[in-house]
file final34.pdb (PDB, C-alpha atoms and all ligand atoms)
ATOM      1  CA  MET A   1      38.693  12.747 -22.965  1.00  0.00           C
ATOM      2  CA  ASP A   2      35.844  14.690 -21.506  1.00  0.00           C
ATOM      3  CA  LYS A   3      33.431  12.382 -23.247  1.00  0.00           C
ATOM      4  CA  LYS A   4      33.823   9.660 -20.699  1.00  0.00           C
ATOM      5  CA  ILE A   5      33.052  11.889 -17.743  1.00  0.00           C
ATOM      6  CA  GLU A   6      30.034  13.268 -19.523  1.00  0.00           C
ATOM      7  CA  LYS A   7      28.753   9.808 -20.194  1.00  0.00           C
ATOM      8  CA  GLU A   8      29.098   8.799 -16.584  1.00  0.00           C
ATOM      9  CA  ALA A   9      27.249  11.850 -15.428  1.00  0.00           C
ATOM     10  CA  ASP A  10      24.407  10.997 -17.749  1.00  0.00           C
ATOM     11  CA  HIS A  11      24.334   7.519 -16.450  1.00  0.00           C
ATOM     12  CA  ASN A  12      23.925   8.747 -12.909  1.00  0.00           C
ATOM     13  CA  ARG A  13      21.027  10.890 -13.967  1.00  0.00           C
ATOM     14  CA  GLY A  14      19.379   7.929 -15.668  1.00  0.00           C
ATOM     15  CA  PRO A  15      16.064   6.176 -15.132  1.00  0.00           C
ATOM     16  CA  LEU A  16      16.775   5.380 -11.506  1.00  0.00           C
ATOM     17  CA  ALA A  17      17.212   9.003 -10.569  1.00  0.00           C
ATOM     18  CA  ASN A  18      14.000   9.889 -12.345  1.00  0.00           C
ATOM     19  CA  LYS A  19      12.140   7.089 -10.695  1.00  0.00           C
ATOM     20  CA  SER A  20      12.803   8.258  -7.173  1.00  0.00           C
ATOM     21  CA  LEU A  21      11.576  11.724  -8.081  1.00  0.00           C
ATOM     22  CA  GLY A  22       8.696  10.825 -10.357  1.00  0.00           C
ATOM     23  CA  TYR A  23       6.772   8.325  -8.268  1.00  0.00           C
ATOM     24  CA  LYS A  24       4.713  10.527  -6.082  1.00  0.00           C
ATOM     25  CA  GLU A  25       1.164   9.358  -6.431  1.00  0.00           C
ATOM     26  CA  VAL A  26       0.173   7.362  -3.400  1.00  0.00           C
ATOM     27  CA  ARG A  27      -3.367   6.424  -2.507  1.00  0.00           C
ATOM     28  CA  LYS A  28      -4.308   5.292   0.953  1.00  0.00           C
ATOM     29  CA  LEU A  29      -6.885   2.703   1.729  1.00  0.00           C
ATOM     30  CA  ASN A  30      -8.525   1.460   4.884  1.00  0.00           C
ATOM     31  CA  LEU A  31      -9.917  -2.036   4.848  1.00  0.00           C
ATOM     32  CA  GLN A  32     -12.014  -3.997   7.259  1.00  0.00           C
ATOM     33  CA  VAL A  33     -10.738  -7.563   7.409  1.00  0.00           C
ATOM     34  CA  SER A  34     -12.703 -10.395   8.922  1.00  0.00           C
ATOM     35  CA  GLY A  35     -11.755 -14.000   9.491  1.00  0.00           C
ATOM     36  CA  MET A  36      -8.494 -13.383  11.301  1.00  0.00           C
ATOM     37  CA  SER A  37      -8.151 -15.632  14.306  1.00  0.00           C
ATOM     38  CA  CYS A  38      -4.817 -14.576  15.714  1.00  0.00           C
ATOM     39  CA  ALA A  39      -2.071 -12.023  15.370  1.00  0.00           C
ATOM     40  CA  SER A  40      -0.109 -14.107  12.898  1.00  0.00           C
ATOM     41  CA  CYS A  41      -3.045 -13.924  10.484  1.00  0.00           C
ATOM     42  CA  ALA A  42      -2.569 -10.181  10.490  1.00  0.00           C
ATOM     43  CA  LEU A  43       1.153 -10.558   9.917  1.00  0.00           C
ATOM     44  CA  ARG A  44       0.538 -12.941   7.071  1.00  0.00           C
ATOM     45  CA  ILE A  45      -1.788 -10.537   5.299  1.00  0.00           C
ATOM     46  CA  GLU A  46       0.580  -7.698   5.969  1.00  0.00           C
ATOM     47  CA  LYS A  47       3.475  -9.610   4.449  1.00  0.00           C
ATOM     48  CA  VAL A  48       1.581 -10.591   1.315  1.00  0.00           C
ATOM     49  CA  LEU A  49       0.290  -7.079   0.794  1.00  0.00           C
ATOM     50  CA  SER A  50       3.616  -5.414   1.302  1.00  0.00           C
ATOM     51  CA  GLU A  51       5.206  -7.782  -1.212  1.00  0.00           C
ATOM     52  CA  THR A  52       2.550  -6.972  -3.774  1.00  0.00           C
ATOM     53  CA  LYS A  53       3.670  -4.872  -6.687  1.00  0.00           C
ATOM     54  CA  GLY A  54       2.455  -1.309  -6.360  1.00  0.00           C
ATOM     55  CA  VAL A  55       2.090  -1.417  -2.588  1.00  0.00           C
ATOM     56  CA  ASN A  56       4.272   1.014  -0.701  1.00  0.00           C
ATOM     57  CA  GLU A  57       3.191   0.190   2.775  1.00  0.00           C
ATOM     58  CA  ALA A  58       0.830  -2.232   4.458  1.00  0.00           C
ATOM     59  CA  MET A  59      -0.261  -2.530   8.056  1.00  0.00           C
ATOM     60  CA  VAL A  60      -2.777  -4.960   9.462  1.00  0.00           C
ATOM     61  CA  ASN A  61      -4.143  -4.700  12.970  1.00  0.00           C
ATOM     62  CA  PHE A  62      -5.526  -7.919  14.360  1.00  0.00           C
ATOM     63  CA  ALA A  63      -7.180  -6.289  17.361  1.00  0.00           C
ATOM     64  CA  THR A  64      -9.268  -3.867  15.321  1.00  0.00           C
ATOM     65  CA  GLY A  65      -9.538  -6.000  12.184  1.00  0.00           C
ATOM     66  CA  GLN A  66      -8.361  -3.120  10.122  1.00  0.00           C
ATOM     67  CA  ALA A  67      -5.837  -2.945   7.377  1.00  0.00           C
ATOM     68  CA  PHE A  68      -4.132   0.105   6.020  1.00  0.00           C
ATOM     69  CA  VAL A  69      -2.505   0.104   2.625  1.00  0.00           C
ATOM     70  CA  ALA A  70      -0.592   2.820   0.835  1.00  0.00           C
ATOM     71  CA  PHE A  71      -0.344   2.008  -2.831  1.00  0.00           C
ATOM     72  CA  ASP A  72       0.302   3.392  -6.269  1.00  0.00           C
ATOM     73  CA  PRO A  73      -3.043   3.494  -8.116  1.00  0.00           C
ATOM     74  CA  ALA A  74      -1.216   3.275 -11.432  1.00  0.00           C
ATOM     75  CA  GLN A  75       0.003  -0.191 -10.525  1.00  0.00           C
ATOM     76  CA  ILE A  76      -2.743  -1.742  -8.468  1.00  0.00           C
ATOM     77  CA  SER A  77      -6.402  -1.092  -7.702  1.00  0.00           C
ATOM     78  CA  PRO A  78      -8.337  -1.380  -4.426  1.00  0.00           C
ATOM     79  CA  ALA A  79     -10.260  -4.312  -5.925  1.00  0.00           C
ATOM     80  CA  GLU A  80      -7.027  -6.158  -6.546  1.00  0.00           C
ATOM     81  CA  LEU A  81      -5.940  -5.515  -2.983  1.00  0.00           C
ATOM     82  CA  THR A  82      -9.131  -6.923  -1.480  1.00  0.00           C
ATOM     83  CA  LYS A  83      -8.828  -9.884  -3.841  1.00  0.00           C
ATOM     84  CA  LYS A  84      -5.352 -10.584  -2.484  1.00  0.00           C
ATOM     85  CA  ILE A  85      -6.728 -10.737   1.027  1.00  0.00           C
ATOM     86  CA  ASP A  86      -9.681 -12.873  -0.007  1.00  0.00           C
ATOM     87  CA  GLU A  87      -7.319 -15.299  -1.725  1.00  0.00           C
ATOM     88  CA  LEU A  88      -5.594 -15.827   1.597  1.00  0.00           C
ATOM     89  CA  GLY A  89      -8.880 -16.970   3.077  1.00  0.00           C
ATOM     90  CA  TYR A  90     -10.057 -13.785   4.757  1.00  0.00           C
ATOM     91  CA  LYS A  91     -12.800 -11.376   3.907  1.00  0.00           C
ATOM     92  CA  SER A  92     -12.064  -7.767   3.274  1.00  0.00           C
ATOM     93  CA  VAL A  93     -14.188  -4.737   2.631  1.00  0.00           C
ATOM     94  CA  VAL A  94     -12.989  -1.338   1.610  1.00  0.00           C
ATOM     95  CA  GLU A  95     -13.837   0.940   4.454  1.00  0.00           C
ATOM     96  CA  ARG A  96     -12.511   4.108   3.030  1.00  0.00           C
ATOM     97  CA  ALA A  97     -10.352   5.235   0.203  1.00  0.00           C
ATOM     98  CA  GLU A  98      -8.350   8.031   1.645  1.00  0.00           C
ATOM     99  CA  PHE A  99      -7.739  11.217  -0.185  1.00  0.00           C
ATOM    100  CA  PRO A 100      -5.327  13.756   1.101  1.00  0.00           C
ATOM    101  CA  VAL A 101      -7.866  15.594   3.239  1.00  0.00           C
ATOM    102  CA  GLY A 102      -7.387  16.575   6.839  1.00  0.00           C
ATOM    103  CA  GLY A 103      -9.844  17.182   9.607  1.00  0.00           C
ATOM    104  CA  MET A 104     -12.223  14.321   8.949  1.00  0.00           C
ATOM    105  CA  SER A 105     -14.037  12.911  11.915  1.00  0.00           C
ATOM    106  CA  CYS A 106     -12.737   9.843  13.641  1.00  0.00           C
ATOM    107  CA  ALA A 107     -12.920   6.694  11.526  1.00  0.00           C
ATOM    108  CA  SER A 108     -12.979   4.436  14.532  1.00  0.00           C
ATOM    109  CA  CYS A 109     -16.201   6.009  15.804  1.00  0.00           C
ATOM    110  CA  SER A 110     -18.095   3.973  13.242  1.00  0.00           C
ATOM    111  CA  ILE A 111     -16.714   0.637  14.445  1.00  0.00           C
ATOM    112  CA  GLY A 112     -19.329  -1.095  16.562  1.00  0.00           C
TER
HETATM  113 CU    CU B   1      -4.061 -16.652  12.833  1.00  0.00          CU
END
call {"tool": "encode", "arguments": {"input": "final34.pdb", "output": "structure tokens", "more": "lines below"}}
Ligand SMILES: [Cu+2]
result
Amino acid sequence: MDKKIEKEADHNRGPLANKSLGYKEVRKLNLQVSGMSCASCALRIEKVLSETKGVNEAMVNFATGQAFVAFDPAQISPAELTKKIDELGYKSVVERAEFPVGGMSCASCSIG
């Protein structure tokens, strides 16, 4: 009689519960993207990146030509991310792989 309740409780504590707690490693990456000719290029890249397995978040800024990606390094590598962009017909260069460090000087200072 109690067995059933117990089993259900276990089920709720299953792989899904662990997954939301266990996936903490996120690496951040800044990319310089060239070849974009309008804002929808940026949206297109953004969409493809954010649908890529291992990517948590992707933002592409047409005006600055910069892309920001938050990803799980266990699932995808920076090289694979730049390849994705290149496959779409744009050129991308890793500008900086971000580690959780504060107080760094302004990244946009280095943009001509
Ligand atoms: Cu475009």
call {"tool": "resolve_selection", "arguments": {"input": "final34.pdb", "expression": "the PyMOL selection byres (((chain A and resi 73) around 10) and not hetatm)", "output": "number ranges by chain"}}
result
A: 25-28, 54-55, 70-72, 74-78
call {"tool": "residues_near_ligand", "arguments": {"input": "final34.pdb", "ligand": "ligand CU 1 (chain B)", "cutoff": "6 Å", "atoms": "only C-alpha atoms and all ligand atoms", "output": "compact mmCIF listing (two decimals) with C-alpha atoms, keeping the file's coordinate frame"}}
result
# COMPACT_ATOMS: atom_id res chain seq x y z
CA MET A 36 -8.49 -13.38 11.30
CA SER A 37 -8.15 -15.63 14.31
CA CYS A 38 -4.82 -14.58 15.71
CA ALA A 39 -2.07 -12.02 15.37
CA SER A 40 -0.11 -14.11 12.90
CA CYS A 41 -3.04 -13.92 10.48
call {"tool": "residues_around", "arguments": {"input": "final34.pdb", "residues": "Leu29 (chain A)", "least_positions_apart": "6", "cutoff": "7 Å", "atoms": "only C-alpha atoms", "output": "PyMOL selection string"}}
result
chain A and resi 68-70+96-98
call {"tool": "closest_residue", "arguments": {"input": "final34.pdb", "among": "A:Glu95, A:Glu80, A:Glu51, A:Asp86", "to": "Gly35 (chain A)", "atoms": "only C-alpha atoms"}}
result
A:Asp86
call {"tool": "resolve_selection", "arguments": {"input": "final34.pdb", "expression": "the PyMOL selection byres (((chain A and resi 32) around 6) and not hetatm)", "output": "list in words"}}
result
Leu31, Val33, Gly65, Gln66, Ser92, Val93 and Glu95 of chain A
call {"tool": "write_last_selection", "arguments": {"input": "final34.pdb", "atoms": "C-alpha atoms", "output": "short mmCIF file (atom, residue, chain, number, x, y, z; two decimals), in the coordinates of the input"}}
result
data_model
loop_
_atom_site.label_atom_id
_atom_site.label_comp_id
_atom_site.auth_asym_id
_atom_site.auth_seq_id
_atom_site.Cartn_x
_atom_site.Cartn_y
_atom_site.Cartn_z
CA LEU A 31 -9.92 -2.04 4.85
CA VAL A 33 -10.74 -7.56 7.41
CA GLY A 65 -9.54 -6.00 12.18
CA GLN A 66 -8.36 -3.12 10.12
CA SER A 92 -12.06 -7.77 3.27
CA VAL A 93 -14.19 -4.74 2.63
CA GLU A 95 -13.84 0.94 4.45
#
call {"tool": "closest_residue", "arguments": {"input": "final34.pdb", "among": "A:Ser34, A:Ser50, A:Thr82, A:Asn56", "to": "Val94 (chain A)", "atoms": "all atoms listed in the file"}}
result
A:Thr82
call {"tool": "atom_distance", "arguments": {"input": "final34.pdb", "atom1": "CA of Thr64 (chain A)", "atom2": "CA of Lys84 (chain A)"}}
result
19.4 Å
call {"tool": "resolve_selection", "arguments": {"input": "final34.pdb", "expression": "the PyMOL selection byres (((chain A and resi 49) around 9) and not hetatm)", "output": "PDB file with C-alpha atoms, in the frame of the given file"}}
result
ATOM      1  CA  ARG A  44       0.538 -12.941   7.071  1.00  0.00           C
ATOM      2  CA  ILE A  45      -1.788 -10.537   5.299  1.00  0.00           C
ATOM      3  CA  GLU A  46       0.580  -7.698   5.969  1.00  0.00           C
ATOM      4  CA  LYS A  47       3.475  -9.610   4.449  1.00  0.00           C
ATOM      5  CA  VAL A  48       1.581 -10.591   1.315  1.00  0.00           C
ATOM      6  CA  SER A  50       3.616  -5.414   1.302  1.00  0.00           C
ATOM      7  CA  GLU A  51       5.206  -7.782  -1.212  1.00  0.00           C
ATOM      8  CA  THR A  52       2.550  -6.972  -3.774  1.00  0.00           C
ATOM      9  CA  LYS A  53       3.670  -4.872  -6.687  1.00  0.00           C
ATOM     10  CA  VAL A  55       2.090  -1.417  -2.588  1.00  0.00           C
ATOM     11  CA  GLU A  57       3.191   0.190   2.775  1.00  0.00           C
ATOM     12  CA  ALA A  58       0.830  -2.232   4.458  1.00  0.00           C
ATOM     13  CA  MET A  59      -0.261  -2.530   8.056  1.00  0.00           C
ATOM     14  CA  VAL A  69      -2.505   0.104   2.625  1.00  0.00           C
ATOM     15  CA  LEU A  81      -5.940  -5.515  -2.983  1.00  0.00           C
ATOM     16  CA  LYS A  84      -5.352 -10.584  -2.484  1.00  0.00           C
ATOM     17  CA  ILE A  85      -6.728 -10.737   1.027  1.00  0.00           C
TER      18      ILE A  85
END
call {"tool": "axis_aligned_box", "arguments": {"input": "final34.pdb", "around": "region 25-30 of chain A", "padding_each_side": "8 Å", "output": "lines of an AutoDock Vina configuration file"}}
result
center_x = -3.7
center_y = 5.4
center_z = -0.8
size_x = 25.7
size_y = 23.9
size_z = 27.3
call {"tool": "residues_around", "arguments": {"input": "final34.pdb", "residues": "Ala42 (chain A)", "least_positions_apart": "6", "cutoff": "7 Å", "atoms": "all atoms listed in the file", "output": "compact mmCIF listing (two decimals) with C-alpha atoms, in the frame of the given file"}}
result
# COMPACT_ATOMS: atom_id res chain seq x y z
CA MET A 36 -8.49 -13.38 11.30
CA VAL A 60 -2.78 -4.96 9.46
CA ASN A 61 -4.14 -4.70 12.97
CA PHE A 62 -5.53 -7.92 14.36
